[in-house]
Each structure stands twice: as C-alpha cells, then as structure tokens.
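J.: My structure is in final24.pdb, and what it holds is PDB, C-alpha atoms:
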ATOM      1  CA  MET A 780    -179.558  81.613 -92.581
ATOM      2  CA  ARG A 781    -180.035  84.438 -90.114
ATOM      3  CA  TYR A 782    -181.318  81.875 -87.553
ATOM      4  CA  VAL A 783    -178.233  79.738 -88.008
ATOM      5  CA  ALA A 784    -176.029  82.682 -87.221
ATOM      6  CA  ILE A 785    -177.981  83.427 -84.046
ATOM      7  CA  ILE A 786    -177.842  79.807 -82.900
ATOM      8  CA  LEU A 787    -174.123  79.546 -83.534
ATOM      9  CA  PHE A 788    -173.577  82.803 -81.662
ATOM     10  CA  LEU A 789    -175.576  81.523 -78.698
ATOM     11  CA  THR A 790    -173.613  78.254 -78.690
ATOM     12  CA  VAL A 791    -170.309  80.089 -78.665
ATOM     13  CA  SER A 792    -171.568  82.347 -75.872
ATOM     14  CA  LEU A 793    -172.590  79.353 -73.765
ATOM     15  CA  SER A 794    -169.214  77.714 -74.267
ATOM     16  CA  ALA A 795    -167.388  80.847 -73.254
ATOM     17  CA  LYS A 796    -169.335  80.946 -69.989
ATOM     18  CA  ALA A 797    -169.038  77.211 -69.276
ATOM     19  CA  GLN A 798    -169.028  76.377 -65.569
ATOM     20  CA  PRO A 799    -167.304  73.381 -63.935
ATOM     21  CA  LYS A 800    -169.462  70.329 -64.335
ATOM     22  CA  SER A 801    -170.984  68.975 -61.194
ATOM     23  CA  PHE A 802    -172.674  65.659 -60.449
ATOM     24  CA  ASN A 803    -174.469  64.846 -57.234
ATOM     25  CA  GLY A 804    -175.458  61.821 -55.209
ATOM     26  CA  SER A 805    -176.872  61.627 -51.727
ATOM     27  CA  THR A 806    -177.752  59.264 -48.951
ATOM     28  CA  SER A 807    -179.542  59.619 -45.661
ATOM     29  CA  GLY A 808    -179.516  58.081 -42.221
ATOM     30  CA  ASN A 809    -181.108  58.265 -38.820
ATOM     31  CA  ILE A 810    -180.112  58.661 -35.210
ATOM     32  CA  ASP A 811    -182.453  57.705 -32.420
ATOM     33  CA  ILE A 812    -181.602  58.872 -28.938
ATOM     34  CA  PHE A 813    -183.581  57.295 -26.148
ATOM     35  CA  SER A 814    -183.732  58.136 -22.477
ATOM     36  CA  VAL A 815    -180.591  56.892 -20.723
ATOM     37  CA  LEU A 816    -180.468  56.681 -16.920
ATOM     38  CA  ASN A 817    -177.626  54.887 -15.201
ATOM     39  CA  LEU A 818    -176.849  54.608 -11.480
ATOM     40  CA  ASN A 819    -173.595  53.252 -10.145
ATOM     41  CA  PHE A 820    -172.455  52.522  -6.572
ATOM     42  CA  THR A 821    -168.854  52.411  -5.440
ATOM     43  CA  ASN A 822    -166.959  52.493  -2.136
ATOM     44  CA  LEU A 823    -169.730  50.743  -0.235
ATOM     45  CA  THR A 824    -169.203  50.443   3.502
ATOM     46  CA  GLY A 825    -169.673  46.965   4.943
ATOM     47  CA  VAL A 826    -171.211  45.814   8.206
ATOM     48  CA  VAL A 827    -171.699  48.371  10.989
ATOM     49  CA  SER A 828    -171.029  46.962  14.466
ATOM     50  CA  PHE A 829    -172.269  48.256  17.822
ATOM     51  CA  ASN A 830    -169.532  47.388  20.298
ATOM     52  CA  THR A 831    -169.615  50.006  23.080
ATOM     53  CA  PRO A 832    -172.322  51.653  25.201
ATOM     54  CA  ASN A 833    -171.595  54.917  23.443
ATOM     55  CA  ASP A 834    -172.537  53.306  20.138
ATOM     56  CA  TYR A 835    -175.993  52.684  21.635
ATOM     57  CA  PHE A 836    -176.227  56.054  23.349
ATOM     58  CA  ASN A 837    -175.193  58.089  20.320
ATOM     59  CA  GLY A 838    -175.871  55.845  17.359
ATOM     60  CA  ILE A 839    -173.261  55.369  14.639
ATOM     61  CA  THR A 840    -172.810  57.718  11.722
ATOM     62  CA  VAL A 841    -170.833  56.542   8.716
ATOM     63  CA  ASN A 842    -169.808  59.453   6.552
ATOM     64  CA  ASN A 843    -169.122  58.718   2.885
ATOM     65  CA  ALA A 844    -170.681  55.299   3.255
ATOM     66  CA  ALA A 845    -171.001  55.008  -0.508
ATOM     67  CA  THR A 846    -170.418  56.974  -3.692
ATOM     68  CA  ILE A 847    -173.236  57.283  -6.203
ATOM     69  CA  SER A 848    -172.643  58.243  -9.824
ATOM     70  CA  VAL A 849    -175.448  59.182 -12.175
ATOM     71  CA  LYS A 850    -175.276  59.240 -15.959
ATOM     72  CA  SER A 851    -178.375  60.591 -17.614
ATOM     73  CA  ASN A 852    -179.439  62.471 -20.711
ATOM     74  CA  VAL A 853    -182.525  63.816 -18.934
ATOM     75  CA  SER A 854    -182.986  65.684 -15.668
ATOM     76  CA  TRP A 855    -183.085  63.083 -12.938
ATOM     77  CA  GLN A 856    -183.882  62.299  -9.328
ATOM     78  CA  VAL A 857    -182.693  59.565  -6.994
ATOM     79  CA  SER A 858    -185.235  58.263  -4.509
ATOM     80  CA  ILE A 859    -184.704  55.876  -1.617
ATOM     81  CA  THR A 860    -187.064  53.325  -0.134
ATOM     82  CA  ALA A 861    -186.722  50.638   2.508
ATOM     83  CA  GLN A 862    -187.603  47.201   1.177
ATOM     84  CA  SER A 863    -189.414  46.347   4.390
ATOM     85  CA  ALA A 864    -190.954  48.166   7.343
ATOM     86  CA  ASN A 865    -188.666  46.355   9.800
ATOM     87  CA  PHE A 866    -185.127  45.082   9.849
ATOM     88  CA  MET A 867    -184.847  41.388   9.229
ATOM     89  CA  PRO A 868    -183.330  39.473  12.169
ATOM     90  CA  MET A 869    -180.407  37.424  10.902
ATOM     91  CA  SER A 870    -179.380  35.641  14.099
ATOM     92  CA  MET A 871    -180.992  33.760  16.947
ATOM     93  CA  GLY A 872    -182.645  36.091  19.455
ATOM     94  CA  ALA A 873    -182.546  39.171  17.294
ATOM     95  CA  SER A 874    -185.686  41.290  17.470
ATOM     96  CA  ALA A 875    -188.190  41.162  14.653
ATOM     97  CA  ASP A 876    -189.685  44.575  15.338
ATOM     98  CA  MET A 877    -186.757  46.950  14.805
ATOM     99  CA  PRO A 878    -188.214  49.507  12.366
ATOM    100  CA  SER A 879    -186.549  50.700   9.186
ATOM    101  CA  THR A 880    -186.499  54.242  10.610
ATOM    102  CA  VAL A 881    -183.515  53.176  12.741
ATOM    103  CA  LEU A 882    -181.546  53.690   9.535
ATOM    104  CA  GLY A 883    -181.149  57.195   8.180
ATOM    105  CA  ILE A 884    -179.500  58.251   4.914
ATOM    106  CA  ARG A 885    -178.432  61.695   3.781
ATOM    107  CA  ARG A 886    -176.416  63.181   0.990
ATOM    108  CA  ASN A 887    -172.950  64.016   2.255
ATOM    109  CA  GLY A 888    -172.755  67.735   2.907
ATOM    110  CA  THR A 889    -176.340  68.039   4.117
ATOM    111  CA  SER A 890    -177.499  67.931   7.724
ATOM    112  CA  THR A 891    -180.729  65.969   7.882
ATOM    113  CA  PHE A 892    -180.927  62.190   7.690
ATOM    114  CA  LEU A 893    -183.948  60.779   5.938
ATOM    115  CA  PRO A 894    -185.398  57.993   8.122
ATOM    116  CA  MET A 895    -185.933  54.956   5.933
ATOM    117  CA  SER A 896    -189.473  53.831   5.262
ATOM    118  CA  VAL A 897    -191.344  51.952   2.615
ATOM    119  CA  THR A 898    -192.493  55.304   1.268
ATOM    120  CA  SER A 899    -190.216  56.741  -1.402
ATOM    121  CA  GLN A 900    -188.215  59.859  -0.513
ATOM    122  CA  THR A 901    -186.153  62.042  -2.810
ATOM    123  CA  LEU A 902    -182.463  61.931  -1.996
ATOM    124  CA  LYS A 903    -181.166  64.165  -4.778
ATOM    125  CA  THR A 904    -182.059  65.729  -8.103
ATOM    126  CA  GLY A 905    -179.726  66.707 -10.912
ATOM    127  CA  ASN A 906    -179.280  67.793 -14.484
ATOM    128  CA  LYS A 907    -178.486  65.692 -17.503
ATOM    129  CA  GLY A 908    -174.866  64.819 -17.974
ATOM    130  CA  GLY A 909    -172.233  62.196 -17.404
ATOM    131  CA  ALA A 910    -170.672  61.153 -14.129
ATOM    132  CA  THR A 911    -168.259  64.075 -14.281
ATOM    133  CA  THR A 912    -171.032  66.634 -14.614
ATOM    134  CA  SER A 913    -171.251  68.774 -11.505
ATOM    135  CA  GLY A 914    -173.628  67.206  -8.985
ATOM    136  CA  ASN A 915    -173.884  63.849 -10.735
ATOM    137  CA  THR A 916    -171.428  62.088  -8.445
ATOM    138  CA  PHE A 917    -171.995  62.392  -4.717
ATOM    139  CA  ASP A 918    -171.434  60.557  -1.459
ATOM    140  CA  ILE A 919    -174.036  59.443   1.040
ATOM    141  CA  ASP A 920    -173.813  59.158   4.809
ATOM    142  CA  THR A 921    -175.689  56.598   6.872
ATOM    143  CA  ARG A 922    -176.774  56.662  10.483
ATOM    144  CA  LEU A 923    -177.966  53.777  12.630
ATOM    145  CA  ASP A 924    -179.552  54.642  15.961
ATOM    146  CA  PRO A 925    -181.420  51.678  17.463
ATOM    147  CA  GLY A 926    -181.152  52.780  21.107
ATOM    148  CA  PHE A 927    -181.507  50.093  23.747
ATOM    149  CA  GLY A 928    -184.901  48.704  22.749
ATOM    150  CA  TYR A 929    -183.804  45.699  20.709
ATOM    151  CA  ASN A 930    -181.976  42.471  21.310
ATOM    152  CA  GLY A 931    -178.395  41.982  20.302
ATOM    153  CA  GLY A 932    -177.866  40.138  17.065
ATOM    154  CA  SER A 933    -177.380  40.551  13.361
ATOM    155  CA  TYR A 934    -179.851  42.572  11.337
ATOM    156  CA  ASN A 935    -180.348  43.254   7.683
ATOM    157  CA  ILE A 936    -182.469  45.617   5.647
ATOM    158  CA  GLY A 937    -182.589  46.316   1.935
ATOM    159  CA  VAL A 938    -182.646  49.862   0.605
ATOM    160  CA  VAL A 939    -183.694  50.545  -2.959
ATOM    161  CA  PHE A 940    -182.192  53.506  -4.779
ATOM    162  CA  THR A 941    -184.352  54.454  -7.740
ATOM    163  CA  LEU A 942    -183.184  56.750 -10.530
ATOM    164  CA  THR A 943    -185.986  58.335 -12.541
ATOM    165  CA  GLN A 944    -186.540  61.183 -14.931
ATOM    166  CA  GLN A 945    -187.769  64.369 -13.252
TER     167      GLN A 945
ATOM    168  CA  MET B 898    -185.641  76.628 -90.804
ATOM    169  CA  ARG B 899    -187.994  75.595 -88.032
ATOM    170  CA  LEU B 900    -187.181  71.977 -88.693
ATOM    171  CA  PHE B 901    -183.482  72.772 -88.508
ATOM    172  CA  LEU B 902    -183.935  74.620 -85.237
ATOM    173  CA  LEU B 903    -185.944  71.765 -83.708
ATOM    174  CA  THR B 904    -183.432  69.152 -84.830
ATOM    175  CA  TYR B 905    -180.524  71.186 -83.508
ATOM    176  CA  LEU B 906    -182.082  71.636 -80.058
ATOM    177  CA  LEU B 907    -183.037  67.959 -79.873
ATOM    178  CA  LEU B 908    -179.505  66.837 -80.681
ATOM    179  CA  LEU B 909    -178.009  69.314 -78.225
ATOM    180  CA  SER B 910    -180.260  68.016 -75.457
ATOM    181  CA  ALA B 911    -179.646  64.354 -76.236
ATOM    182  CA  GLY B 912    -175.906  64.892 -76.357
ATOM    183  CA  SER B 913    -175.912  66.531 -72.957
ATOM    184  CA  ILE B 914    -177.853  63.723 -71.300
ATOM    185  CA  TYR B 915    -175.600  61.080 -72.751
ATOM    186  CA  ALA B 916    -172.473  62.894 -71.590
ATOM    187  CA  GLN B 917    -173.608  63.178 -67.959
ATOM    188  CA  ASN B 918    -175.021  59.751 -67.487
ATOM    189  CA  SER B 919    -172.680  57.543 -69.359
ATOM    190  CA  ASN B 920    -169.212  58.943 -69.310
ATOM    191  CA  ASN B 921    -169.204  60.966 -66.137
ATOM    192  CA  TYR B 922    -171.215  60.173 -63.106
ATOM    193  CA  LEU B 923    -171.257  59.785 -59.377
ATOM    194  CA  GLU B 924    -173.167  57.031 -57.650
ATOM    195  CA  VAL B 925    -173.604  56.574 -53.906
ATOM    196  CA  ASN B 926    -174.525  53.097 -52.729
ATOM    197  CA  THR B 927    -175.680  52.430 -49.208
ATOM    198  CA  ASN B 928    -174.558  48.956 -48.228
ATOM    199  CA  THR B 929    -176.528  48.775 -44.996
ATOM    200  CA  GLY B 930    -178.994  50.842 -43.036
ATOM    201  CA  LEU B 931    -177.402  54.063 -41.861
ATOM    202  CA  ASN B 932    -179.141  53.996 -38.513
ATOM    203  CA  PHE B 933    -177.663  54.685 -35.117
ATOM    204  CA  THR B 934    -179.355  53.991 -31.812
ATOM    205  CA  CYS B 935    -178.347  55.430 -28.450
ATOM    206  CA  ASN B 936    -180.001  53.708 -25.508
ATOM    207  CA  ASP B 937    -177.072  52.989 -23.227
ATOM    208  CA  PRO B 938    -174.369  55.133 -21.584
ATOM    209  CA  SER B 939    -171.723  53.503 -23.767
ATOM    210  CA  ASP B 940    -173.659  54.610 -26.875
ATOM    211  CA  LEU B 941    -173.507  58.197 -25.674
ATOM    212  CA  GLU B 942    -169.889  58.099 -24.509
ATOM    213  CA  ASN B 943    -168.272  56.231 -27.407
ATOM    214  CA  ASP B 944    -168.189  56.557 -31.166
ATOM    215  CA  GLN B 945    -170.345  54.145 -33.141
ATOM    216  CA  THR B 946    -169.123  52.883 -36.501
ATOM    217  CA  ILE B 947    -171.079  51.337 -39.346
ATOM    218  CA  SER B 948    -168.396  49.428 -41.205
ATOM    219  CA  GLY B 949    -168.589  49.361 -44.988
ATOM    220  CA  ALA B 950    -171.519  51.735 -44.862
ATOM    221  CA  LEU B 951    -171.061  53.508 -48.185
ATOM    222  CA  THR B 952    -169.584  52.957 -51.589
ATOM    223  CA  VAL B 953    -168.970  55.962 -53.799
ATOM    224  CA  ARG B 954    -168.678  54.917 -57.448
ATOM    225  CA  VAL B 955    -167.140  57.358 -59.854
ATOM    226  CA  ARG B 956    -166.642  57.502 -63.566
ATOM    227  CA  SER B 957    -164.904  60.565 -64.840
ATOM    228  CA  ARG B 958    -164.034  59.955 -68.438
ATOM    229  CA  ASN B 959    -163.849  63.447 -69.809
ATOM    230  CA  ASN B 960    -161.671  65.025 -67.188
ATOM    231  CA  SER B 961    -160.165  64.672 -63.744
ATOM    232  CA  CYS B 962    -162.549  65.242 -60.889
ATOM    233  CA  GLY B 963    -162.814  66.004 -57.205
ATOM    234  CA  VAL B 964    -165.416  64.384 -54.994
ATOM    235  CA  TYR B 965    -166.748  66.276 -51.994
ATOM    236  CA  ALA B 966    -169.238  65.604 -49.206
ATOM    237  CA  LYS B 967    -171.288  67.715 -46.861
ATOM    238  CA  ILE B 968    -174.335  67.609 -44.644
ATOM    239  CA  SER B 969    -177.212  68.981 -46.675
ATOM    240  CA  SER B 970    -179.854  68.396 -44.034
ATOM    241  CA  PHE B 971    -179.817  67.542 -40.346
ATOM    242  CA  ILE B 972    -183.191  67.564 -38.653
ATOM    243  CA  GLY B 973    -183.650  66.875 -34.958
ATOM    244  CA  PRO B 974    -186.420  66.925 -32.385
ATOM    245  CA  PRO B 975    -187.716  70.117 -30.762
ATOM    246  CA  GLY B 976    -184.985  71.806 -28.761
ATOM    247  CA  PHE B 977    -182.198  70.586 -31.007
ATOM    248  CA  SER B 978    -179.914  73.314 -32.250
ATOM    249  CA  THR B 979    -176.328  72.958 -33.334
ATOM    250  CA  THR B 980    -173.822  74.113 -35.881
ATOM    251  CA  THR B 981    -171.653  71.030 -35.558
ATOM    252  CA  TYR B 982    -172.710  67.571 -36.551
ATOM    253  CA  PRO B 983    -171.558  64.257 -35.083
ATOM    254  CA  ILE B 984    -171.227  62.465 -38.419
ATOM    255  CA  GLN B 985    -167.917  61.354 -39.912
ATOM    256  CA  LEU B 986    -166.922  59.636 -43.133
ATOM    257  CA  ASP B 987    -163.947  57.347 -42.731
ATOM    258  CA  TYR B 988    -162.200  56.173 -45.900
ATOM    259  CA  THR B 989    -161.247  52.506 -45.900
ATOM    260  CA  SER B 990    -160.188  51.472 -49.419
ATOM    261  CA  THR B 991    -160.592  51.857 -53.164
ATOM    262  CA  ASN B 992    -160.045  49.815 -56.283
ATOM    263  CA  SER B 993    -158.998  52.893 -58.200
ATOM    264  CA  ASN B 994    -155.607  53.157 -59.839
ATOM    265  CA  ARG B 995    -156.366  56.726 -60.828
ATOM    266  CA  ALA B 996    -157.005  58.108 -57.369
ATOM    267  CA  ASN B 997    -155.134  61.166 -56.309
ATOM    268  CA  GLY B 998    -155.083  62.915 -52.963
ATOM    269  CA  ILE B 999    -157.411  60.695 -50.971
ATOM    270  CA  ASN B1000    -158.283  62.138 -47.587
ATOM    271  CA  THR B1001    -157.650  59.110 -45.421
ATOM    272  CA  ASN B1002    -158.492  60.783 -42.123
ATOM    273  CA  PRO B1003    -162.017  60.598 -40.730
ATOM    274  CA  ILE B1004    -163.831  63.674 -41.991
ATOM    275  CA  THR B1005    -166.289  65.386 -39.698
ATOM    276  CA  LEU B1006    -169.013  66.548 -42.021
ATOM    277  CA  THR B1007    -170.240  70.112 -41.999
ATOM    278  CA  THR B1008    -172.592  72.080 -44.190
ATOM    279  CA  THR B1009    -169.628  73.015 -46.384
ATOM    280  CA  ASN B1010    -168.163  70.699 -49.003
ATOM    281  CA  GLN B1011    -165.000  68.894 -47.959
ATOM    282  CA  LEU B1012    -162.748  67.034 -50.374
ATOM    283  CA  LEU B1013    -162.870  63.258 -50.126
ATOM    284  CA  PHE B1014    -160.568  62.447 -53.042
ATOM    285  CA  GLN B1015    -159.524  63.420 -56.514
ATOM    286  CA  GLN B1016    -159.407  61.132 -59.473
ATOM    287  CA  LEU B1017    -157.687  61.420 -62.813
ATOM    288  CA  SER B1018    -159.747  60.856 -65.937
ATOM    289  CA  SER B1019    -160.391  57.264 -66.868
ATOM    290  CA  ASN B1020    -162.802  55.097 -68.802
ATOM    291  CA  SER B1021    -163.244  52.824 -65.800
ATOM    292  CA  VAL B1022    -165.693  53.046 -62.961
ATOM    293  CA  PHE B1023    -163.929  53.070 -59.597
ATOM    294  CA  SER B1024    -165.307  52.455 -56.123
ATOM    295  CA  TYR B1025    -164.321  54.152 -52.891
ATOM    296  CA  TYR B1026    -165.396  52.562 -49.633
ATOM    297  CA  TYR B1027    -166.321  54.422 -46.456
ATOM    298  CA  ASN B1028    -167.314  53.696 -42.906
ATOM    299  CA  LEU B1029    -169.862  55.975 -41.303
ATOM    300  CA  ILE B1030    -169.147  57.120 -37.763
ATOM    301  CA  LEU B1031    -171.443  58.663 -35.211
ATOM    302  CA  LYS B1032    -169.224  60.632 -32.883
ATOM    303  CA  ALA B1033    -170.108  60.177 -29.230
ATOM    304  CA  PRO B1034    -173.100  62.492 -28.821
ATOM    305  CA  GLY B1035    -172.740  62.807 -25.062
ATOM    306  CA  TYR B1036    -175.606  63.534 -22.730
ATOM    307  CA  THR B1037    -176.787  66.883 -24.055
ATOM    308  CA  TYR B1038    -178.630  65.983 -27.256
ATOM    309  CA  PRO B1039    -182.413  66.126 -26.837
ATOM    310  CA  LEU B1040    -184.158  62.782 -26.900
ATOM    311  CA  GLY B1041    -185.777  61.844 -30.149
ATOM    312  CA  HIS B1042    -185.333  61.068 -33.793
ATOM    313  CA  TYR B1043    -182.741  62.717 -35.992
ATOM    314  CA  ASN B1044    -182.445  62.496 -39.760
ATOM    315  CA  PHE B1045    -179.444  63.541 -41.784
ATOM    316  CA  VAL B1046    -178.703  63.737 -45.484
ATOM    317  CA  ILE B1047    -175.180  63.564 -46.879
ATOM    318  CA  LEU B1048    -174.680  65.153 -50.274
ATOM    319  CA  PHE B1049    -171.788  63.989 -52.444
ATOM    320  CA  THR B1050    -170.658  66.177 -55.300
ATOM    321  CA  MET B1051    -168.287  65.306 -58.108
ATOM    322  CA  THR B1052    -166.832  68.348 -59.799
ATOM    323  CA  GLN B1053    -164.891  68.499 -63.017
ATOM    324  CA  PRO B1054    -162.947  71.592 -64.008
TER     325      PRO B1054
END
Rewrite the coordinates I just gave you, this time as structure tokens.
T.:
Amino acid sequence: MRYVAIILFLTVSLSAKAQPKSFNGSTSGNIDIFSVLNLNFTNLTGVVSFNTPNDYFNGITVNNAATISVKSNVSWQVSITAQSANFMPMSMGASADMPSTVLGIRRNGTSTFLPMSVTSQTLKTGNKGGATTSGNTFDIDTRLDPGFGYNGGSYNIGVVFTLTQQ
Amino acid sequence: MRLFLLTYLLLLSAGSIYAQNSNNYLEVNTNTGLNFTCNDPSDLENDQTISGALTVRVRSRNNSCGVYAKISSFIGPPGFSTTTYPIQLDYTSTNSNRANGINTNPITLTTTNQLLFQQLSSNSVFSYYYNLILKAPGYTYPLGHYNFVILFTMTQP
C-alpha cells in the first residue's frame, strides 16, 4: 500500500509540472552552387574608316569602343587574343600581310594599348560579383595604326575575349 | 506489489505512445526533391521556387496547436559563414476548416521557430501545402554543396 501512495504522489507531481506537448517532423534539401562566369558586350562600335592622311599618320583611336560586363561568383580575368596573325583582306587588292598588331586594345582609363596577337594577354582581373559590382563593368578603347604599308581596302580580324577563373 | 508496479508502468507507457501517435501528430511529406542548382547568372540573381514542395499534415485531437518551422541545420562548403539563410516557406493552401491565423506571407527561415499556422482541435487530419523558395543567393556564396534541414514543431498548450 505504501508503494501505491508513492506512485500516486509521483503521478500527481508529474501532472503538476506538465509541459506543453511538442511533436516534431523534419525534411532536408540541398543547394549546389557551381562556378558562374558570364561576359556581356554592349555599345559596340562599328566599322572604322581611314579617310584622311592624318588617319594614316596618327592612326585612329576609338575611346569607349565597347562596354564589357562581367558576372561571376569567382575571381575572374578577361583575356584577349587575335583569331589570326594577320588581318583578313575583305576586298579586291587589300593586303594579306597586315599583322594583327595593327590593332591595339586597352581598358578605358589606362594608357597602354595591348597589340593584338594570337598569344593570350590579360585585359583585366576582378572580384566575384554581379555587373554592378565595382570593376565588373568597364569600357575598352581600340586603336588602329596601319601606317602607309598596306593597300587600301576592307579588312577584318576576329578578337576573342575569354573570361576565366583566376 | 511488484506485479502491480510493473503493470502500472506498462500501462502508463502504452497510454503515452498511443496518445502521441494516434490522436496528435505532425507529419511532413516531401512531394519532390528539395534540390536547388545554381549554374547560371539568372539562378544567382532570381528566386527559385519548388512548387508544391511540402505538405504538413496535422492531427490535433486533444487540444489546439501551433505549428512552427526553423532551420535546424545548414551546412555549406569551406568558407561559408552566415547568420541568415536563403530559404523561405510559402503557404499556398489547406484543406483545413479548423485553421486559425495562417501566416500567408513567405517566411524566411531562421534558427528560431516561426509560426506557420494555428489549428483548433479536431478529430480530422488536415494538410497544409507549401512552396519552397531559394532566395537569390547572389554572387558571394562559396561554390559547393549545401545541405539544410527544416524542423517543424507542433506545440499544444
């Protein structure tokens, strides 16, 4: 009988200290974030024409020839490479030996043009971020300086801009 | 007396199990894989939604209840450190006629319980449906695999 009294006492004590009842359930999920590198060109300048002697004496510089925007979740670099060692003649009589170095490209705000070649050159590096992140959107300038050594005509050359992780 | 004591404890235990599992319970059903992938700028710049991701089933026979949710675990790759989490629960619908005070706004989960809804006592089992949203993570999260656990808690007074 003494045991019964103890058990009843314990039961009453437990009831008096009853806590809110709680029931749980859970679920889980995953997020996978991969390397994202995106390069976008806007405001591209079109054909550059040499019309006066001064154009040949001085060459032609086009400031803000294009705007480049980078979106990346890793530190990045943009490299530039000429697709061919020489310009491609696009009209009758145009020279086939005008080298890619006639074209120079620089980041707007810097002083030195990088002469184009088939060897990759770093144009700019930057930190991860969207297009509005400081340094991720910038303009480029171009310079064409063929001198007097080549025939008149139309010329074309491809330039590859490559965005990679640093 | 020993036999009495043993019988008493056995009945007490059995009664408790029956009460929690049958009359009052919370069940979380995942209707699809809760997996998000970010491999494009739009994935990083925009929210991603898994529609109809979760169903929370509730039976609260003995009393009214409140159902809460929180992040109980969020593990990321090396370099990941944050106190805010890009996971939201977005209520869509319920078949409950005993619901009370449903939070219909998308809830950004934290490590603290936040009320999803309250329900008055009922014999019926009711379902509450939720979308799962990954808020745009932006470009600063370290690359890699993240795992999160959402803990739902039903509390009765």
J.: Please expand the PyMOL selection byres ((chain B) within 9 of (chain A)) into the concrete residues it hits in this file, giving the result as a VMD selection string.
T.: chain B and resid 898 901 to 902 917 921 to 927 930 to 938 941 to 942 951 953 966 969 to 970 973 1031 1035 to 1054
J.: To one decimal place in Å, what is the distance between atom CA of Val827 of chain A and atom CA of Gly888 of chain A?
T.: 21.0 Å
J.: What is the atom CA of Arg958 of chain B-atom CA of Thr1001 of chain B distance in Å, reported with one decimal?
T.: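 One can read the atom CA of Arg958 of chain B to atom CA of Thr1001 of chain B distance as 23.9 Å.
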J.: By how many Å are atom CA of Ile839 of chain A and atom CA of Gly825 of chain A apart?
T.: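 Separating atom CA of Ile839 of chain A from atom CA of Gly825 of chain A is a distance of 13.3 Å.
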J.: Pick out the residues sitting within 8 Å of Pro925 of chain A, and hand them over as a PyMOL selection string; count all atoms listed in the file, and ignore anything fewer than 5 positions along from it in its own chain.
T.: chain A and resi 835+838+877+881
J.: Take the PyMOL selection byres ((chain A and resi 858-861) around 10), run it mentally on this structure, and tell me the resulting residues as a PyMOL selection string.
T.: chain A and resi 855-857+862-866+879-880+882+884+893-904+936-943
J.: Let me make sure I understand: among B:Pro975, B:Gly963, B:Pro1034, B:Pro983, which one has the smallest atom-to-atom distance to Phe1014 of chain B if we use all atoms listed in the file?
T.: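 That would be B:Gly963, the residue with the smallest distance to Phe1014 of chain B.
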J.: Applying 8 Å and only C-alpha atoms, which residues near Arg885 of chain A remain after dropping the ones on its own chain fewer than 3 positions away? List them as a PDB file with C-alpha atoms, in the frame of the given file.
T.:
ATOM      1  CA  THR A 889    -176.340  68.039   4.117  1.00  0.00           C
ATOM      2  CA  SER A 890    -177.499  67.931   7.724  1.00  0.00           C
ATOM      3  CA  THR A 891    -180.729  65.969   7.882  1.00  0.00           C
ATOM      4  CA  PHE A 892    -180.927  62.190   7.690  1.00  0.00           C
ATOM      5  CA  LEU A 893    -183.948  60.779   5.938  1.00  0.00           C
ATOM      6  CA  LEU A 902    -182.463  61.931  -1.996  1.00  0.00           C
ATOM      7  CA  ILE A 919    -174.036  59.443   1.040  1.00  0.00           C
ATOM      8  CA  ASP A 920    -173.813  59.158   4.809  1.00  0.00           C
ATOM      9  CA  THR A 921    -175.689  56.598   6.872  1.00  0.00           C
TER      10      THR A 921
END
J.: List the residues matched by the PyMOL selection byres ((chain A and resi 822) around 8) in the displayed structure as a ChimeraX atom specification, ordered by chain and then by residue number.
T.: /A:820-821,823-824,844-846
